[in-house]
Amino acid sequence: MRRLTVLCGALLLGMAAGAHAQELRIGMQDDPDTLDPHRSRTYAARIVFTSMCDKLVDIDDKLQFVPRLAKSWSWDDSNTALTFKLRDDAVFHDGSKFDAQAAKANLERAITLPESQRRSELASVTSVEAPDATTLVIKVKQPDAPLLAQLSDRAGMMLSPKSFAGEDSASTVGRQPVCSGPYKFVQRVQNDRIVLEKFDQYYDAKDFAFSKVVFLPIPDSTVRLSNLRSGGIDILERANPSDIPQIKDDANLVFKPVTGLGFRQFMFNVNNGENAKNNPFADKRVRQAFQLTIDRAAIGEVIGGGLFPPAQQPFPLASPYLSDKFPVIKPDIAKAKALLKEAGMETVQAQLTFANNTVEASTAEMVQAMAGQAGFQLSLRPTEYAAMLAESAKGNFQMDMRGWSGRVDPDGNIYSFVTCKGTLNDSKYCNPKVDELLTQARAVSDVDKRKDIYDQAQAILQEDLPSMYIYYQPWPFVVGKKVQGFDPLPDGMIRLRGVSFSGS
């Protein structure tokens, strides 16, 4: 019934599309979690934030950092103080002025908020200073190579301090976010739509053509594509690879793929609450056995249509930190059975939780069949993605399948997932040696030396296996042919600067 409702509603939107020529509609695979950048942890929310919440710096198509709210930046000679010179013409959506004190308040909130998902990203920060209205100084306890990359994402996004001056909860800030980006929040109907409208006081407002942007979560990829064809949406994110041949043959659609920075992974509940105590995956031999049942290459071909490169590591194929020491492990059912026998199990009953969209469901079914060859009896639990992550954070899972959209700096693809207090470590895996190595890597800028440290950490993680990488995440976007100027970057964000409809 839900899918039928979405289809009918979106097709009706398509009939009305001509009446709203400057309204852009984006079809999303998942509904975002909270619209509070410090509490959020989903890719879908990042897409919304890109239009709504300006940040200190951004990246360009060469993955270089470029100015946004910060005009320039520099490190001191000891690489322990990062000074930003800020814009003096930016305002928040409530009309209050953006300045260094506002930036300071945001960074301190990201560091101290108990539910903040940014704490691991800013762990090195010892103080934030605002010596004048356009100068922001961030001091760190040791050189922090990933810090600028962190500030190019949610850690660097700015909310109006007035919006969190009173009650600061997910139900207050996240439901009525007040940012400083080119579009301001208007409305959210959970699992149905998020509506933004153009903010005319934005310093670069002239570069944004649309008067309104609407994000429509449509988990079923067939329904999502039908809506693009009918005009119900204008941009489709994450096309189903099986649909790509027909997309390429449709003269009214334009396929816009880009190689991503992130990955898909299984995360195992190793030590998170009561559910870990009875979880067969708490034994690393069972995790290792499970890995030996999974044919990543077959998943990439059958589910990904050749677009999902197999992944054994968190660093993407183009990264200088990708190591040849950890090739993709191939299936070995006999060895998997031997490991289970060593662990005292001939069969393993467990539950796999995953997002309730077409690609994830197909992957889960394929994994269920593969693992069954060695005695794994997996029950499948499809769940709305943001709800799944919320439950996993509480320890209410045995194994889940999740994605990460990736970061420019390698630290962003590993640190928060596997360090003892990592904010994305729902496994609650903890190895002090891994913490030591990954913290050390943050202080090193030399690529070869840093790679050696990551190799040492990976040697431990590949053995302990708190997470298992499946494939590298591409971003197969599709747009209606009237959409001009949209060129996605490897981070998978939808940037609307310079995007318009033809003839508008």
# chains A, B, ... in the order shown; residues from 1 in each chain; ligands from 1
$ residues_around --residues "region 471-475 of chain A" --least-positions-apart "3" --cutoff "10 Å" --atoms "only C-alpha atoms" --output "number ranges by chain"
A: 237-239, 256-265, 296-297, 299-300, 304, 307-317, 403-406, 468, 478, 488-493
$ write_last_selection --atoms "C-alpha atoms" --output "PDB file, in the first residue's frame"
ATOM      1  CA  GLU A 237      19.672   9.448  -6.901  1.00  0.00           C
ATOM      2  CA  ARG A 238      20.984   5.884  -6.799  1.00  0.00           C
ATOM      3  CA  ALA A 239      19.434   4.256  -9.841  1.00  0.00           C
ATOM      4  CA  LYS A 256      25.031  10.921 -14.673  1.00  0.00           C
ATOM      5  CA  PRO A 257      27.183   8.362 -12.830  1.00  0.00           C
ATOM      6  CA  VAL A 258      30.204   9.192 -10.706  1.00  0.00           C
ATOM      7  CA  THR A 259      32.678   6.963  -8.872  1.00  0.00           C
ATOM      8  CA  GLY A 260      32.209   7.416  -5.142  1.00  0.00           C
ATOM      9  CA  LEU A 261      34.449   7.621  -2.076  1.00  0.00           C
ATOM     10  CA  GLY A 262      32.459   5.266   0.138  1.00  0.00           C
ATOM     11  CA  PHE A 263      31.442   1.670   0.625  1.00  0.00           C
ATOM     12  CA  ARG A 264      28.765  -0.798   1.645  1.00  0.00           C
ATOM     13  CA  GLN A 265      29.542  -2.950   4.665  1.00  0.00           C
ATOM     14  CA  ARG A 296      31.751 -10.025  -3.470  1.00  0.00           C
ATOM     15  CA  ALA A 297      32.472 -10.190  -7.192  1.00  0.00           C
ATOM     16  CA  ILE A 299      27.280  -9.358  -5.851  1.00  0.00           C
ATOM     17  CA  GLY A 300      28.985  -6.668  -7.903  1.00  0.00           C
ATOM     18  CA  GLY A 304      25.534  -4.007  -9.258  1.00  0.00           C
ATOM     19  CA  LEU A 307      29.125  -1.014 -11.175  1.00  0.00           C
ATOM     20  CA  PHE A 308      29.885  -2.276  -7.636  1.00  0.00           C
ATOM     21  CA  PRO A 309      33.641  -3.021  -7.349  1.00  0.00           C
ATOM     22  CA  PRO A 310      34.357  -5.573  -4.595  1.00  0.00           C
ATOM     23  CA  ALA A 311      35.778  -4.007  -1.413  1.00  0.00           C
ATOM     24  CA  GLN A 312      38.019  -5.507   1.244  1.00  0.00           C
ATOM     25  CA  GLN A 313      39.146  -2.179   2.694  1.00  0.00           C
ATOM     26  CA  PRO A 314      37.512   1.145   3.622  1.00  0.00           C
ATOM     27  CA  PHE A 315      39.691   3.174   1.246  1.00  0.00           C
ATOM     28  CA  PRO A 316      38.402   3.592  -2.335  1.00  0.00           C
ATOM     29  CA  LEU A 317      40.210   2.223  -5.366  1.00  0.00           C
ATOM     30  CA  GLY A 403      26.499   2.339   3.638  1.00  0.00           C
ATOM     31  CA  TRP A 404      28.997   5.141   4.020  1.00  0.00           C
ATOM     32  CA  SER A 405      29.240   7.845   1.385  1.00  0.00           C
ATOM     33  CA  GLY A 406      32.946   8.343   2.009  1.00  0.00           C
ATOM     34  CA  MET A 468      33.126  -6.546   6.530  1.00  0.00           C
ATOM     35  CA  VAL A 478      19.740  10.146 -13.527  1.00  0.00           C
ATOM     36  CA  PRO A 488      27.855  15.195  -9.409  1.00  0.00           C
ATOM     37  CA  LEU A 489      31.126  14.971  -7.484  1.00  0.00           C
ATOM     38  CA  PRO A 490      32.606  11.797  -5.933  1.00  0.00           C
ATOM     39  CA  ASP A 491      31.091  12.591  -2.523  1.00  0.00           C
ATOM     40  CA  GLY A 492      27.633  11.952  -4.018  1.00  0.00           C
ATOM     41  CA  MET A 493      26.137  15.292  -3.006  1.00  0.00           C
TER      42      MET A 493
END
$ residues_around --residues "Leu136 (chain A)" --least-positions-apart "5" --cutoff "12 Å" --atoms "only C-alpha atoms" --output "ChimeraX atom specification"
/A:56,69-75,81-87,98-107,127-131
$ select_by_dssp --residues "region 145-199 of chain A" --states "strand (DSSP E)" --output "number ranges by chain"
A: 183-189, 193-198
$ write_last_selection --atoms "all heavy atoms" --output "short mmCIF file (atom, residue, chain, number, x, y, z; two decimals), in the first residue's frame"
data_model
loop_
_atom_site.label_atom_id
_atom_site.label_comp_id
_atom_site.auth_asym_id
_atom_site.auth_seq_id
_atom_site.Cartn_x
_atom_site.Cartn_y
_atom_site.Cartn_z
N TYR A 183 19.07 27.50 0.47
CA TYR A 183 17.65 27.17 0.62
C TYR A 183 17.33 26.99 2.11
O TYR A 183 18.13 26.46 2.87
CB TYR A 183 17.29 25.90 -0.15
CG TYR A 183 17.37 26.09 -1.65
CD1 TYR A 183 18.57 25.87 -2.33
CD2 TYR A 183 16.27 26.56 -2.36
CE1 TYR A 183 18.65 26.09 -3.70
CE2 TYR A 183 16.35 26.78 -3.73
CZ TYR A 183 17.53 26.55 -4.38
OH TYR A 183 17.63 26.78 -5.73
N LYS A 184 16.15 27.45 2.51
CA LYS A 184 15.75 27.36 3.91
C LYS A 184 14.63 26.34 4.09
O LYS A 184 13.83 26.09 3.18
CB LYS A 184 15.32 28.72 4.45
CG LYS A 184 14.10 29.33 3.79
CD LYS A 184 13.79 30.71 4.38
CE LYS A 184 12.57 31.34 3.72
NZ LYS A 184 12.27 32.68 4.30
N PHE A 185 14.57 25.79 5.27
CA PHE A 185 13.60 24.75 5.60
C PHE A 185 12.18 25.33 5.65
O PHE A 185 11.95 26.40 6.20
CB PHE A 185 13.94 24.13 6.95
CG PHE A 185 12.98 23.08 7.41
CD1 PHE A 185 13.06 21.79 6.94
CD2 PHE A 185 11.98 23.39 8.32
CE1 PHE A 185 12.16 20.81 7.36
CE2 PHE A 185 11.08 22.43 8.76
CZ PHE A 185 11.17 21.13 8.27
N VAL A 186 11.24 24.57 5.06
CA VAL A 186 9.82 24.95 5.08
C VAL A 186 8.98 23.89 5.79
O VAL A 186 8.20 24.17 6.69
CB VAL A 186 9.28 25.17 3.65
CG1 VAL A 186 7.77 25.44 3.69
CG2 VAL A 186 10.01 26.31 2.97
N GLN A 187 9.16 22.62 5.38
CA GLN A 187 8.24 21.57 5.86
C GLN A 187 8.89 20.21 5.73
O GLN A 187 9.68 19.95 4.82
CB GLN A 187 6.95 21.60 5.01
CG GLN A 187 5.94 20.53 5.37
CD GLN A 187 4.85 20.39 4.32
OE1 GLN A 187 5.10 20.61 3.14
NE2 GLN A 187 3.65 20.04 4.73
N ARG A 188 8.53 19.33 6.68
CA ARG A 188 8.88 17.92 6.53
C ARG A 188 7.70 17.06 6.92
O ARG A 188 7.10 17.25 7.98
CB ARG A 188 10.08 17.55 7.41
CG ARG A 188 10.43 16.06 7.28
CD ARG A 188 11.67 15.67 8.04
NE ARG A 188 12.08 14.32 7.65
CZ ARG A 188 13.18 13.72 8.07
NH1 ARG A 188 14.00 14.35 8.90
NH2 ARG A 188 13.48 12.49 7.67
N VAL A 189 7.36 16.11 6.06
CA VAL A 189 6.39 15.07 6.36
C VAL A 189 7.18 13.76 6.31
O VAL A 189 7.67 13.37 5.24
CB VAL A 189 5.24 15.04 5.34
CG1 VAL A 189 4.26 13.92 5.70
CG2 VAL A 189 4.54 16.39 5.29
N ARG A 193 8.08 13.78 2.30
CA ARG A 193 8.73 14.89 1.61
C ARG A 193 9.44 15.82 2.59
O ARG A 193 9.07 15.92 3.76
CB ARG A 193 7.72 15.69 0.80
CG ARG A 193 6.72 16.48 1.64
CD ARG A 193 5.67 17.15 0.78
NE ARG A 193 5.01 16.18 -0.05
CZ ARG A 193 4.65 16.40 -1.33
NH1 ARG A 193 4.87 17.56 -1.88
NH2 ARG A 193 4.05 15.46 -2.04
N ILE A 194 10.44 16.50 2.05
CA ILE A 194 11.08 17.62 2.73
C ILE A 194 11.07 18.78 1.74
O ILE A 194 11.48 18.61 0.58
CB ILE A 194 12.53 17.29 3.15
CG1 ILE A 194 12.53 16.19 4.22
CG2 ILE A 194 13.26 18.54 3.65
CD1 ILE A 194 13.90 15.63 4.52
N VAL A 195 10.58 19.93 2.17
CA VAL A 195 10.42 21.08 1.28
C VAL A 195 11.33 22.22 1.74
O VAL A 195 11.32 22.60 2.91
CB VAL A 195 8.95 21.57 1.26
CG1 VAL A 195 8.80 22.77 0.32
CG2 VAL A 195 8.01 20.44 0.85
N LEU A 196 12.11 22.75 0.80
CA LEU A 196 12.95 23.92 1.04
C LEU A 196 12.56 25.01 0.05
O LEU A 196 12.10 24.72 -1.06
CB LEU A 196 14.43 23.59 0.83
CG LEU A 196 15.02 22.36 1.54
CD1 LEU A 196 16.52 22.25 1.20
CD2 LEU A 196 14.81 22.42 3.03
N GLU A 197 12.76 26.27 0.44
CA GLU A 197 12.53 27.36 -0.50
C GLU A 197 13.76 28.26 -0.54
O GLU A 197 14.55 28.33 0.42
CB GLU A 197 11.29 28.16 -0.14
CG GLU A 197 11.36 28.96 1.14
CD GLU A 197 10.07 29.73 1.41
OE1 GLU A 197 9.04 29.41 0.79
OE2 GLU A 197 10.10 30.64 2.26
N LYS A 198 13.92 28.95 -1.64
CA LYS A 198 15.12 29.76 -1.84
C LYS A 198 15.22 30.85 -0.78
O LYS A 198 14.24 31.51 -0.44
CB LYS A 198 15.09 30.38 -3.24
CG LYS A 198 16.38 31.11 -3.60
CD LYS A 198 16.39 31.55 -5.06
CE LYS A 198 17.68 32.27 -5.39
NZ LYS A 198 17.73 32.67 -6.82
#
$ select_by_dssp --residues "region 201-317 of chain A" --states "alpha helix (DSSP H)" --output "NGL selection string"
:A and (221-230 or 244-248 or 274-277 or 284-291 or 296-302)
$ residues_around --residues "region 497-503 of chain A" --least-positions-apart "6" --cutoff "10 Å" --atoms "only C-alpha atoms" --output "ChimeraX atom specification"
/A:21-24,51,182,204-210,234,480-487
$ closest_atom_pairs --of "region 295-399 of chain A" --to "region 419-439 of chain A" --cutoff "9 Å" --atoms "only C-alpha atoms" --output "CSV"
residue,atom,partner,partner_atom,distance
A:Leu389,CA,A:Asp426,CA,8.6
A:Ser392,CA,A:Asp426,CA,6.0
A:Ala393,CA,A:Asp426,CA,5.0
A:Lys394,CA,A:Asp426,CA,7.7
A:Gly395,CA,A:Asp426,CA,6.9
A:Met399,CA,A:Ser427,CA,8.9
$ closest_residue --among "A:Val408, A:Thr134, A:Val214, A:Met366" --to "Lys62 (chain A)" --atoms "only C-alpha atoms"
A:Val408
$ atom_distance --atom1 "CA of Asp36 (chain A)" --atom2 "CA of Met52 (chain A)"
10.9 Å
